[in-house]
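final.cif (mmCIF, C-alpha atoms)
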```cif
data_my_file
loop_
_atom_site.label_atom_id
_atom_site.label_comp_id
_atom_site.auth_asym_id
_atom_site.auth_seq_id
_atom_site.Cartn_x
_atom_site.Cartn_y
_atom_site.Cartn_z
CA MET A 86 190.43 1.85 -4.59
CA ILE A 87 191.84 -0.89 -2.31
CA TYR A 88 189.17 -2.52 -0.16
CA LEU A 89 190.44 -3.94 3.15
CA ASP A 90 187.19 -3.93 5.15
CA ASN A 91 186.05 -7.47 4.42
CA SER A 92 185.14 -8.25 8.03
CA ALA A 93 182.35 -5.71 7.69
CA SER A 94 181.28 -7.20 4.35
CA THR A 95 183.17 -8.73 1.46
CA TYR A 96 183.11 -6.26 -1.40
CA ILE A 97 183.87 -8.54 -4.36
CA LYS A 98 181.53 -11.50 -4.83
CA PRO A 99 182.33 -14.66 -6.83
CA LYS A 100 180.87 -14.82 -10.32
CA GLU A 101 178.84 -17.82 -9.16
CA VAL A 102 177.05 -15.64 -6.60
CA ILE A 103 176.42 -12.86 -9.11
CA LYS A 104 175.02 -15.38 -11.59
CA ALA A 105 172.77 -16.88 -8.90
CA VAL A 106 171.31 -13.43 -8.16
CA MET A 107 170.58 -12.84 -11.83
CA VAL A 108 168.90 -16.24 -12.21
CA ALA A 109 166.95 -15.81 -8.97
CA THR A 110 165.59 -12.38 -9.91
CA SER A 111 164.46 -13.62 -13.31
CA LYS A 112 163.20 -17.10 -12.48
CA TYR A 113 162.48 -17.49 -8.74
CA THR A 114 160.61 -14.33 -7.79
CA ALA A 115 157.32 -15.96 -6.81
CA ASN A 116 156.63 -16.08 -3.07
CA PRO A 117 157.91 -19.43 -1.71
CA GLY A 118 155.44 -21.41 0.37
CA ARG A 119 152.60 -18.93 -0.06
CA SER A 120 150.74 -20.47 -3.00
CA GLY A 121 150.09 -23.85 -4.55
CA HIS A 122 150.99 -22.85 -8.09
CA SER A 123 154.08 -24.12 -9.84
CA LEU A 124 156.17 -20.94 -9.62
CA SER A 125 155.66 -20.63 -5.86
CA MET A 126 156.52 -24.29 -5.40
CA LEU A 127 159.62 -23.92 -7.59
CA ALA A 128 160.87 -21.02 -5.45
CA GLY A 129 160.12 -23.03 -2.30
CA GLU A 130 162.14 -25.96 -3.61
CA LYS A 131 165.17 -23.72 -4.23
CA VAL A 132 164.92 -22.30 -0.72
CA TYR A 133 164.75 -25.81 0.76
CA GLU A 134 167.78 -26.88 -1.27
CA VAL A 135 169.80 -24.11 0.37
CA ARG A 136 168.40 -25.06 3.77
CA GLU A 137 169.62 -28.62 3.24
CA LYS A 138 173.02 -27.41 2.03
CA ILE A 139 173.56 -25.29 5.14
CA CYS A 140 172.34 -28.10 7.38
CA GLY A 141 174.99 -30.39 5.93
CA PHE A 142 177.68 -27.70 6.10
CA LEU A 143 177.04 -27.15 9.82
CA ASN A 144 176.11 -30.74 10.70
CA CYS A 145 172.85 -29.43 12.12
CA ASP A 146 170.23 -31.91 13.37
CA LYS A 147 167.80 -31.37 10.49
CA PRO A 148 167.06 -28.85 7.71
CA GLU A 149 163.94 -27.58 9.48
CA ASN A 150 166.20 -26.24 12.22
CA VAL A 151 167.98 -23.94 9.75
CA ILE A 152 166.18 -20.59 9.79
CA PHE A 153 166.60 -17.73 7.32
CA THR A 154 166.59 -14.31 8.97
CA GLN A 155 167.10 -10.73 7.81
CA SER A 156 170.60 -10.63 9.33
CA CYS A 157 173.00 -12.26 11.75
CA THR A 158 171.76 -9.76 14.33
CA GLU A 159 168.20 -11.05 14.03
CA ALA A 160 169.49 -14.62 14.33
CA LEU A 161 171.28 -13.78 17.60
CA ASN A 162 168.18 -12.01 18.92
CA ILE A 163 166.10 -15.12 18.27
CA ALA A 164 168.70 -17.22 20.08
CA VAL A 165 168.86 -14.97 23.15
CA LEU A 166 165.28 -13.71 23.43
CA GLY A 167 163.68 -16.91 22.15
CA THR A 168 165.24 -19.02 24.92
CA ALA A 169 165.04 -16.46 27.76
CA LEU A 170 164.47 -18.05 31.16
CA LYS A 171 163.17 -15.79 33.91
CA GLY A 172 165.41 -15.95 36.96
CA GLY A 173 168.19 -17.53 34.94
CA HIS A 174 171.85 -16.66 34.48
CA ILE A 175 173.70 -16.01 31.21
CA ILE A 176 177.46 -16.05 30.68
CA CYS A 177 178.97 -14.13 27.75
CA SER A 178 182.46 -12.82 27.02
CA CYS A 179 184.31 -9.56 26.47
CA ASN A 180 184.87 -10.63 22.85
CA ASP A 181 181.20 -10.41 21.98
CA HIS A 182 179.67 -8.10 19.39
CA ASN A 183 176.80 -5.80 20.37
CA SER A 184 174.38 -7.89 18.30
CA LEU A 185 174.88 -10.56 20.98
CA VAL A 186 175.58 -8.35 23.99
CA ARG A 187 172.61 -6.00 23.66
CA PRO A 188 169.79 -8.56 23.67
CA ILE A 189 171.46 -10.25 26.66
CA PHE A 190 171.72 -7.01 28.62
CA GLU A 191 168.19 -6.04 27.61
CA LEU A 192 166.99 -9.15 29.44
CA GLU A 193 169.03 -8.07 32.46
CA LYS A 194 167.61 -4.54 32.27
CA GLN A 195 164.09 -6.00 32.34
CA GLY A 196 165.00 -7.93 35.49
CA LEU A 197 164.58 -11.30 33.80
CA VAL A 198 168.15 -12.64 34.04
CA GLU A 199 171.52 -11.95 35.58
CA VAL A 200 174.61 -11.68 33.39
CA THR A 201 178.30 -12.42 33.86
CA VAL A 202 180.91 -11.19 31.36
CA VAL A 203 184.04 -13.35 31.27
CA ASN A 204 187.51 -12.14 30.30
CA PRO A 205 189.95 -14.80 29.03
CA GLN A 206 193.15 -15.41 30.99
CA LYS A 207 195.00 -15.47 27.67
CA GLN A 208 193.68 -12.65 25.52
CA GLU A 209 193.95 -14.56 22.25
CA LEU A 210 191.90 -17.61 23.36
CA LEU A 211 188.78 -17.98 25.49
CA THR A 212 188.54 -21.50 26.97
CA ALA A 213 186.23 -23.59 29.12
CA ASN A 214 188.61 -22.98 32.05
CA ASP A 215 187.86 -19.26 31.81
CA ILE A 216 184.11 -19.87 31.95
CA GLU A 217 183.63 -22.77 34.37
CA PRO A 218 184.28 -20.80 37.62
CA TYR A 219 181.37 -18.48 36.81
CA ILE A 220 178.73 -21.18 36.27
CA LYS A 221 175.89 -21.06 38.81
CA GLU A 222 172.98 -23.35 39.58
CA ASN A 223 170.69 -21.12 37.46
CA THR A 224 173.08 -20.75 34.48
CA TYR A 225 171.11 -21.83 31.42
CA LEU A 226 172.98 -20.17 28.52
CA ILE A 227 176.62 -19.63 27.62
CA ALA A 228 177.04 -17.34 24.60
CA VAL A 229 180.37 -16.64 22.92
CA ASN A 230 181.75 -14.97 19.85
CA HIS A 231 183.74 -17.62 17.95
CA VAL A 232 186.10 -15.02 16.45
CA SER A 233 186.33 -11.39 17.53
CA ASN A 234 185.45 -8.95 14.78
CA VAL A 235 187.87 -6.46 16.37
CA ASN A 236 191.15 -8.38 16.32
CA GLY A 237 190.48 -12.04 15.52
CA ASP A 238 190.75 -13.42 19.06
CA MET A 239 189.18 -16.89 19.28
CA ALA A 240 187.00 -18.95 21.56
CA ASP A 241 187.81 -22.64 21.94
CA ILE A 242 184.26 -23.67 21.11
CA HIS A 243 185.01 -27.38 21.40
CA SER A 244 186.11 -27.22 25.03
CA ILE A 245 183.32 -24.77 25.90
CA GLY A 246 180.77 -26.94 24.11
CA GLU A 247 181.89 -30.01 26.05
CA LEU A 248 181.51 -28.05 29.28
CA CYS A 249 177.99 -26.95 28.31
CA ALA A 250 176.99 -30.51 27.42
CA LYS A 251 178.36 -31.80 30.72
CA LYS A 252 176.47 -29.12 32.71
CA CYS A 253 173.27 -29.30 30.57
CA ILE A 254 173.60 -25.63 29.60
CA LEU A 255 172.59 -24.24 26.20
CA PHE A 256 175.58 -23.19 24.07
CA LEU A 257 175.23 -20.29 21.62
CA VAL A 258 178.02 -19.38 19.17
CA ASP A 259 178.21 -16.21 17.07
CA CYS A 260 179.94 -17.43 13.91
CA ALA A 261 179.71 -14.15 11.99
CA GLN A 262 183.49 -13.88 11.55
CA SER A 263 184.45 -17.56 11.57
CA ALA A 264 182.11 -19.27 9.08
CA GLY A 265 184.02 -19.71 5.84
CA HIS A 266 187.41 -19.59 7.58
CA VAL A 267 187.08 -22.71 9.73
CA LYS A 268 184.86 -25.77 9.60
CA ILE A 269 182.02 -25.75 12.11
CA ASP A 270 180.39 -28.94 13.37
CA MET A 271 177.40 -28.33 15.63
CA GLN A 272 177.23 -31.89 16.91
CA LYS A 273 180.94 -32.43 17.44
CA ASP A 274 181.25 -29.08 19.28
CA HIS A 275 177.95 -29.49 21.18
CA ILE A 276 176.58 -26.24 19.74
CA ASP A 277 172.88 -25.73 20.48
CA MET A 278 172.47 -22.46 18.57
CA LEU A 279 174.58 -20.49 16.13
CA ALA A 280 174.28 -17.47 13.87
CA LEU A 281 175.88 -16.74 10.50
CA ALA A 282 176.54 -13.52 8.56
CA PRO A 283 176.69 -14.81 4.96
CA HIS A 284 177.81 -11.46 3.50
CA LYS A 285 181.23 -11.85 5.10
CA ALA A 286 183.47 -14.90 4.57
CA LEU A 287 180.74 -16.84 2.79
CA TYR A 288 180.86 -14.23 0.00
CA SER A 289 177.10 -13.85 -0.23
CA LEU A 290 174.78 -10.84 -0.07
CA GLN A 291 173.66 -8.50 2.66
CA GLY A 292 170.03 -8.85 3.72
CA VAL A 293 169.99 -12.48 4.82
CA GLY A 294 171.24 -14.25 7.94
CA VAL A 295 171.12 -17.79 9.25
CA PHE A 296 170.04 -19.14 12.62
CA ALA A 297 170.62 -22.86 13.23
CA PHE A 298 169.73 -24.79 16.36
CA SER A 299 169.69 -28.26 17.88
CA VAL A 300 166.61 -30.20 18.93
CA ARG A 301 167.53 -29.35 22.53
CA ALA A 302 167.24 -25.58 22.08
CA ASN A 303 163.53 -25.19 21.20
CA PRO A 304 163.62 -21.38 20.63
CA LYS A 305 160.36 -19.41 20.66
CA PRO A 306 159.54 -16.76 18.03
CA ILE A 307 160.29 -13.11 18.69
CA LYS A 308 158.17 -11.83 15.81
CA TYR A 309 154.78 -12.97 14.61
CA GLY A 310 152.91 -12.91 11.31
CA GLY A 311 152.13 -14.71 8.11
CA THR A 312 153.90 -17.99 7.48
CA GLY A 313 151.80 -19.45 4.66
CA THR A 314 150.64 -22.26 6.98
CA ASP A 315 147.69 -22.73 9.34
CA SER A 316 146.20 -19.42 8.24
CA LEU A 317 142.93 -19.84 10.19
CA ASN A 318 144.87 -19.87 13.45
CA VAL A 319 145.38 -16.46 15.09
CA TYR A 320 148.38 -17.87 16.94
CA GLN A 321 151.86 -18.51 15.59
CA PRO A 322 152.41 -22.08 14.30
CA LYS A 323 154.65 -24.26 16.45
CA ASP A 324 156.43 -26.16 13.68
CA TYR A 325 159.89 -25.15 12.45
CA PRO A 326 160.99 -23.45 10.27
CA GLU A 327 157.66 -21.57 9.82
CA CYS A 328 157.47 -20.78 13.54
CA LEU A 329 160.55 -18.52 13.23
CA GLU A 330 160.13 -17.30 9.62
CA SER A 331 157.23 -14.85 9.62
CA GLY A 332 156.98 -12.70 6.51
CA THR A 333 158.20 -13.14 2.97
CA LEU A 334 161.63 -14.69 2.67
CA SER A 335 164.35 -12.98 0.65
CA THR A 336 164.46 -15.71 -2.00
CA PRO A 337 167.10 -14.13 -4.28
CA ASN A 338 169.42 -13.56 -1.30
CA ILE A 339 168.88 -17.11 -0.08
CA ILE A 340 169.65 -18.56 -3.51
CA ALA A 341 172.78 -16.38 -3.70
CA LEU A 342 173.68 -17.65 -0.22
CA GLY A 343 173.53 -21.21 -1.56
CA ALA A 344 175.93 -20.25 -4.34
CA GLY A 345 178.26 -18.58 -1.83
CA PHE A 346 178.25 -21.68 0.35
CA SER A 347 179.09 -23.89 -2.60
CA TRP A 348 181.87 -21.63 -3.85
CA THR A 349 183.41 -21.29 -0.38
CA THR A 350 183.31 -25.00 0.44
CA ASN A 351 184.60 -26.03 -2.99
CA ASN A 352 187.57 -23.65 -2.68
CA PHE A 353 187.96 -23.73 1.10
CA ASP A 354 191.66 -24.60 1.37
CA LYS A 355 192.74 -22.29 -1.44
CA ILE A 356 190.76 -19.36 -0.05
CA ASN A 357 192.05 -19.66 3.47
CA LYS A 358 195.68 -20.36 2.57
CA LYS A 359 195.77 -17.12 0.61
CA ILE A 360 194.11 -15.15 3.42
CA ASP A 361 196.51 -16.63 5.99
CA ASP A 362 199.53 -15.79 3.82
CA LEU A 363 198.47 -12.19 3.19
CA ALA A 364 197.44 -11.52 6.78
CA THR A 365 200.67 -13.05 8.12
CA TYR A 366 202.65 -10.76 5.84
CA LEU A 367 200.65 -7.71 6.96
CA LEU A 368 201.04 -8.42 10.67
CA PHE A 369 204.77 -9.12 10.25
CA GLU A 370 205.31 -5.84 8.40
CA LEU A 371 203.17 -3.78 10.80
CA ASP A 372 205.08 -5.14 13.80
CA LYS A 373 208.32 -3.84 12.26
CA ILE A 374 207.08 -0.24 11.97
CA GLU A 375 208.15 2.16 14.70
CA ASN A 376 205.23 3.87 16.43
CA ILE A 377 202.77 0.99 15.72
CA ILE A 378 200.87 -1.06 18.30
CA THR A 379 199.26 -4.29 17.05
CA TYR A 380 196.44 -6.11 18.87
CA THR A 381 196.17 -9.30 16.80
CA SER A 382 197.94 -12.48 17.86
CA PRO A 383 199.93 -14.38 15.21
CA GLU A 384 197.97 -17.49 16.27
CA ASN A 385 194.71 -15.90 15.09
CA VAL A 386 195.87 -14.22 11.90
CA MET A 387 194.25 -16.92 9.75
CA PHE A 388 190.92 -15.11 10.00
CA GLY A 389 192.36 -12.16 8.09
CA VAL A 390 191.54 -9.62 10.83
CA ILE A 391 194.34 -7.35 12.03
CA ALA A 392 193.87 -4.53 14.53
CA PHE A 393 196.46 -1.85 15.22
CA ASN A 394 197.01 1.76 16.21
CA ILE A 395 199.58 4.42 15.47
CA LYS A 396 200.80 5.95 18.73
CA GLY A 397 199.47 9.44 19.18
CA ALA A 398 196.79 9.07 16.52
CA ASP A 399 193.07 8.50 16.75
CA SER A 400 192.07 5.44 14.73
CA GLN A 401 189.45 7.33 12.74
CA GLU A 402 192.00 9.96 11.74
CA VAL A 403 194.25 7.22 10.36
CA ALA A 404 191.36 5.63 8.47
CA ASP A 405 190.40 8.99 6.99
CA ILE A 406 193.95 9.58 5.74
CA LEU A 407 194.04 6.10 4.21
CA SER A 408 190.77 6.73 2.40
CA GLU A 409 191.31 10.30 1.26
CA LYS A 410 195.02 10.24 0.39
CA TYR A 411 195.65 6.61 -0.57
CA GLY A 412 192.25 5.27 -1.66
CA ILE A 413 192.37 2.46 0.92
CA CYS A 414 189.21 1.36 2.76
CA VAL A 415 189.58 0.14 6.37
CA ARG A 416 187.38 0.31 9.45
CA ALA A 417 188.21 2.38 12.54
CA GLY A 418 186.58 3.07 15.89
CA LEU A 419 184.91 0.71 18.33
CA HIS A 420 183.47 -1.78 15.80
CA CYS A 421 180.18 -2.32 17.71
CA ALA A 422 182.18 -4.18 20.38
CA GLY A 423 182.58 -1.94 23.43
CA LEU A 424 183.34 -4.79 25.83
CA LYS A 425 186.28 -5.87 23.68
CA HIS A 426 187.71 -2.37 23.56
CA LYS A 427 187.47 -2.10 27.35
CA ALA A 428 189.53 -5.30 27.55
CA LEU A 429 192.05 -3.93 25.05
CA ASN A 430 192.13 -0.52 26.77
CA THR A 431 191.31 1.21 23.47
CA ILE A 432 188.04 2.95 24.37
CA GLU A 433 189.53 6.41 23.83
CA THR A 434 191.19 5.76 20.47
CA GLY A 435 189.41 2.75 19.00
CA VAL A 436 191.57 0.69 16.65
CA VAL A 437 192.26 0.58 12.94
CA ARG A 438 191.10 -2.75 11.53
CA VAL A 439 192.30 -4.16 8.24
CA SER A 440 190.60 -7.34 7.04
CA ILE A 441 191.55 -9.58 4.13
CA CYS A 442 189.50 -11.64 1.71
CA TYR A 443 190.40 -14.06 -1.06
CA TYR A 444 190.25 -11.35 -3.73
CA ASN A 445 192.88 -9.15 -2.11
CA THR A 446 196.41 -9.26 -3.56
CA TYR A 447 199.97 -9.05 -2.31
CA THR A 448 200.39 -5.77 -4.23
CA GLU A 449 197.42 -4.24 -2.40
CA CYS A 450 198.82 -5.33 0.96
CA GLU A 451 202.24 -3.94 0.09
CA THR A 452 200.66 -0.62 -0.91
CA PHE A 453 198.81 -0.56 2.42
CA VAL A 454 202.01 -1.23 4.41
CA ASN A 455 203.87 1.55 2.60
CA ALA A 456 200.99 3.97 3.30
CA ILE A 457 201.03 3.09 7.01
CA LYS A 458 204.80 3.60 7.14
CA ARG A 459 204.35 7.14 5.83
CA ILE A 460 201.44 7.92 8.16
CA ALA A 461 203.29 6.48 11.18
CA THR A 462 206.33 8.62 10.36
CA LEU A 463 204.08 11.68 10.18
CA PHE A 464 202.71 11.08 13.68
CA LEU A 465 206.15 10.15 15.05
CA THR A 466 207.41 13.54 13.86
CA LYS A 467 204.41 15.26 15.48
CA ASN A 468 204.98 13.47 18.77
CA ASP A 469 208.67 14.41 18.80
CA SER A 470 208.07 18.08 18.07
#
```
What do you get writing this file as structure tokens?
Amino acid sequence: MIYLDNSASTYIKPKEVIKAVMVATSKYTANPGRSGHSLSMLAGEKVYEVREKICGFLNCDKPENVIFTQSCTEALNIAVLGTALKGGHIICSCNDHNSLVRPIFELEKQGLVEVTVVNPQKQELLTANDIEPYIKENTYLIAVNHVSNVNGDMADIHSIGELCAKKCILFLVDCAQSAGHVKIDMQKDHIDMLALAPHKALYSLQGVGVFAFSVRANPKPIKYGGTGTDSLNVYQPKDYPECLESGTLSTPNIIALGAGFSWTTNNFDKINKKIDDLATYLLFELDKIENIITYTSPENVMFGVIAFNIKGADSQEVADILSEKYGICVRAGLHCAGLKHKALNTIETGVVRVSICYYNTYTECETFVNAIKRIATLFLTKNDS
């Protein structure tokens, strides 16, 4: 089996992450922050270590502003719903994933906000110039996907962040596909809130997400419950991180996340050079095949995400052939990103997405290219008959 669906979730995890899970499930299974005994305190210390590590990685204001969630989706929901301003205006983009789009449009549906969706002038890069004309007096949040999960298109978060800082508008960045591929600096890029999906390019586990925010953001909780603090109070505590972390934390996943962060940062250049090389090869070879349409720009291939279609074929049909006949795993369809597919004009067919990680090999990519050549020839013959 050849796994080329790493943008959904990396399949192979580093041995350091696997070891961290084993240690965590044998040594750190007490409930962190819920008791005063030594085992609970030990688990709490390990969680805080990871919180500090992520804070440094992102250049966040302080560790207490790094929140562990159940997923990147929950992190984005906290960002959007926890800062909602009645009568306000939100700007998002066509590149955004439904985990960002849906909470925004839910606020619009409830009559709380108005929403503007921006399309970039150059498909491969969303810039501040694309966004600035749509800013209104009541615009309080600009939310963008750093890297499209569909085809790797980017947002220039530095220029957009500078615009937000100048206009005193909150800036939210969905870093699900970018964290691990590029370095992210919340203060340099004026990012007020961001969300991470550690099970992707940070090579960690599913079941944990990260929400980080600046002192300016001040998000409110969207769920309420036990925090291990101020238990006599029937109201949610106001202090971070407890304010946003109701319920028992997934300690083993958080500890594995710390190991994934360390492994990724320690091997950052090596990881991303290999991904860039393999993805560049794939895009180059796909562009040479007759009957193929590619949707990924060479400028954005470094994220390892390549989208394409075979003319005359539904994307899911191609993915099924790859899986059943060649043992190759890819993703097809609309990828939870309907706005992006409207922009690409691929609503009817979806796209086939192949996504690379560090553990993929040149041989696997070559096998994939040869399989696509055969499948493309098959549909070319059908179209000509």
Of the candidates A:Leu290, A:Ala164, A:Met239, A:Ile152, which one gets nearest to A:Ile103 if we count only C-alpha atoms?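 Once distances to A:Ile103 are computed over only C-alpha atoms, the minimum belongs to A:Leu290.
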Residues returned when the PyMOL selection byres ((chain A and resi 446) around 12) runs on this file, as a VMD selection string: chain A and resid 87 to 89 359 to 360 362 to 364 366 to 367 441 to 445 447 to 453
Identify, on the basis of only C-alpha atoms, every residue whose closest approach to stretch 410-418 of chain A does not exceed 9 Å; exclude the query and any residue fewer than 5 positions from it along the same chain; express the result as a PDB file with C-alpha atoms, in the coordinates of the input.
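Result file out_17.pdb:
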```pdb
ATOM      1  CA  MET A  86     190.430   1.850  -4.590  1.00  0.00           C
ATOM      2  CA  ILE A  87     191.840  -0.890  -2.310  1.00  0.00           C
ATOM      3  CA  TYR A  88     189.170  -2.520  -0.160  1.00  0.00           C
ATOM      4  CA  LEU A  89     190.440  -3.940   3.150  1.00  0.00           C
ATOM      5  CA  ASP A  90     187.190  -3.930   5.150  1.00  0.00           C
ATOM      6  CA  ASN A  91     186.050  -7.470   4.420  1.00  0.00           C
ATOM      7  CA  SER A  92     185.140  -8.250   8.030  1.00  0.00           C
ATOM      8  CA  ALA A  93     182.350  -5.710   7.690  1.00  0.00           C
ATOM      9  CA  ASP A 399     193.070   8.500  16.750  1.00  0.00           C
ATOM     10  CA  SER A 400     192.070   5.440  14.730  1.00  0.00           C
ATOM     11  CA  GLN A 401     189.450   7.330  12.740  1.00  0.00           C
ATOM     12  CA  GLU A 402     192.000   9.960  11.740  1.00  0.00           C
ATOM     13  CA  VAL A 403     194.250   7.220  10.360  1.00  0.00           C
ATOM     14  CA  ALA A 404     191.360   5.630   8.470  1.00  0.00           C
ATOM     15  CA  ASP A 405     190.400   8.990   6.990  1.00  0.00           C
ATOM     16  CA  ILE A 432     188.040   2.950  24.370  1.00  0.00           C
ATOM     17  CA  THR A 434     191.190   5.760  20.470  1.00  0.00           C
ATOM     18  CA  GLY A 435     189.410   2.750  19.000  1.00  0.00           C
ATOM     19  CA  VAL A 436     191.570   0.690  16.650  1.00  0.00           C
ATOM     20  CA  VAL A 437     192.260   0.580  12.940  1.00  0.00           C
ATOM     21  CA  ARG A 438     191.100  -2.750  11.530  1.00  0.00           C
ATOM     22  CA  VAL A 439     192.300  -4.160   8.240  1.00  0.00           C
ATOM     23  CA  SER A 440     190.600  -7.340   7.040  1.00  0.00           C
ATOM     24  CA  THR A 452     200.660  -0.620  -0.910  1.00  0.00           C
ATOM     25  CA  PHE A 453     198.810  -0.560   2.420  1.00  0.00           C
ATOM     26  CA  ALA A 456     200.990   3.970   3.300  1.00  0.00           C
TER      27      ALA A 456
END
```
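One distance worth recording is that between atom CA of A:Gly246 and atom CA of A:Ile163, which is 19.7 Å.
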Identify which of the residues A:Thr168, A:Thr110, A:Asn394, A:Thr314 lies closest to A:Tyr225, counting all atoms listed in the file when measuring atom-to-atom distances.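 Answer, going by the shortest atom-to-atom distance: A:Thr168.
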To one decimal place, how far is atom CA of A:Ile457 from atom CA of A:Glu384 in Å?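 These atoms are spaced 22.8 Å apart.
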Taking the file as shown, what set of residues would the PyMOL selection byres ((chain A and resi 266-272) around 10) give back, as a PyMOL selection string? chain A and resi 140-146+242-243+246+258+260+262-265+273-279+286-287+297-299+349-350+353-354+356-358+360-361+387-389
Next, dump the selected residues to file, keeping only C-alpha atoms, as a PDB file, keeping the file's coordinate frame.
```
ATOM      1  CA  CYS A 140     172.340 -28.100   7.380  1.00  0.00           C
ATOM      2  CA  GLY A 141     174.990 -30.390   5.930  1.00  0.00           C
ATOM      3  CA  PHE A 142     177.680 -27.700   6.100  1.00  0.00           C
ATOM      4  CA  LEU A 143     177.040 -27.150   9.820  1.00  0.00           C
ATOM      5  CA  ASN A 144     176.110 -30.740  10.700  1.00  0.00           C
ATOM      6  CA  CYS A 145     172.850 -29.430  12.120  1.00  0.00           C
ATOM      7  CA  ASP A 146     170.230 -31.910  13.370  1.00  0.00           C
ATOM      8  CA  ILE A 242     184.260 -23.670  21.110  1.00  0.00           C
ATOM      9  CA  HIS A 243     185.010 -27.380  21.400  1.00  0.00           C
ATOM     10  CA  GLY A 246     180.770 -26.940  24.110  1.00  0.00           C
ATOM     11  CA  VAL A 258     178.020 -19.380  19.170  1.00  0.00           C
ATOM     12  CA  CYS A 260     179.940 -17.430  13.910  1.00  0.00           C
ATOM     13  CA  GLN A 262     183.490 -13.880  11.550  1.00  0.00           C
ATOM     14  CA  SER A 263     184.450 -17.560  11.570  1.00  0.00           C
ATOM     15  CA  ALA A 264     182.110 -19.270   9.080  1.00  0.00           C
ATOM     16  CA  GLY A 265     184.020 -19.710   5.840  1.00  0.00           C
ATOM     17  CA  LYS A 273     180.940 -32.430  17.440  1.00  0.00           C
ATOM     18  CA  ASP A 274     181.250 -29.080  19.280  1.00  0.00           C
ATOM     19  CA  HIS A 275     177.950 -29.490  21.180  1.00  0.00           C
ATOM     20  CA  ILE A 276     176.580 -26.240  19.740  1.00  0.00           C
ATOM     21  CA  ASP A 277     172.880 -25.730  20.480  1.00  0.00           C
ATOM     22  CA  MET A 278     172.470 -22.460  18.570  1.00  0.00           C
ATOM     23  CA  LEU A 279     174.580 -20.490  16.130  1.00  0.00           C
ATOM     24  CA  ALA A 286     183.470 -14.900   4.570  1.00  0.00           C
ATOM     25  CA  LEU A 287     180.740 -16.840   2.790  1.00  0.00           C
ATOM     26  CA  ALA A 297     170.620 -22.860  13.230  1.00  0.00           C
ATOM     27  CA  PHE A 298     169.730 -24.790  16.360  1.00  0.00           C
ATOM     28  CA  SER A 299     169.690 -28.260  17.880  1.00  0.00           C
ATOM     29  CA  THR A 349     183.410 -21.290  -0.380  1.00  0.00           C
ATOM     30  CA  THR A 350     183.310 -25.000   0.440  1.00  0.00           C
ATOM     31  CA  PHE A 353     187.960 -23.730   1.100  1.00  0.00           C
ATOM     32  CA  ASP A 354     191.660 -24.600   1.370  1.00  0.00           C
ATOM     33  CA  ILE A 356     190.760 -19.360  -0.050  1.00  0.00           C
ATOM     34  CA  ASN A 357     192.050 -19.660   3.470  1.00  0.00           C
ATOM     35  CA  LYS A 358     195.680 -20.360   2.570  1.00  0.00           C
ATOM     36  CA  ILE A 360     194.110 -15.150   3.420  1.00  0.00           C
ATOM     37  CA  ASP A 361     196.510 -16.630   5.990  1.00  0.00           C
ATOM     38  CA  MET A 387     194.250 -16.920   9.750  1.00  0.00           C
ATOM     39  CA  PHE A 388     190.920 -15.110  10.000  1.00  0.00           C
ATOM     40  CA  GLY A 389     192.360 -12.160   8.090  1.00  0.00           C
TER      41      GLY A 389
END
```
Which residues match the PyMOL selection byres ((chain A and resi 283) around 9) in the file above, as a PyMOL selection string? chain A and resi 94+156-157+261+264-265+281-282+284-291+293-295+342+345-346
Using atom CA of A:Phe153 and atom CA of A:Ala280 as the two end points, give the distance in Å to one decimal.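 Spanning atom CA of A:Phe153 to atom CA of A:Ala280 is a straight-line distance of 10.1 Å.
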Excluding A:Asn116 and residues on its chain fewer than 3 positions from it, collect all residues at most 9 Å away from it, counting all atoms listed in the file, and give them as a PyMOL selection string. chain A and resi 113+119-120+124-126+128-129+333-334+336
Which residues are near A:Leu192? Cut-off 12 Å, all atoms listed in the file, ignore same chain within fewer than 5 positions. Put them as an NGL selection string. :A and (162 or 165-175 or 185-187 or 197-200)
Which is closest to A:Ala302 among A:Asn352, A:Asn150, A:Asn455, A:Thr462, if we use only C-alpha atoms? A:Asn150
Close residues, stretch 249-251 of chain A itself excluded, 9 Å, only C-alpha atoms, min 5 positions apart in chain, as number ranges by chain: A: 213, 226-227, 244, 256, 275-276
Would you compute the box with edges along x, y and z of the file around stretch 313-329 of chain A, including every atom the file lists for it and 8 Å extra on each side, and give its centre and edge lengths in Å to one decimal, as AutoDock Vina command-line options?
```
--center_x 152.0 --center_y -21.3 --center_z 10.8 --size_x 34.1 --size_y 25.7 --size_z 28.3
```
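Distances to A:Asn303 were evaluated for A:Glu149, A:Thr154, A:Leu463, A:Gly423 using only C-alpha atoms, and the minimum falls at A:Glu149.
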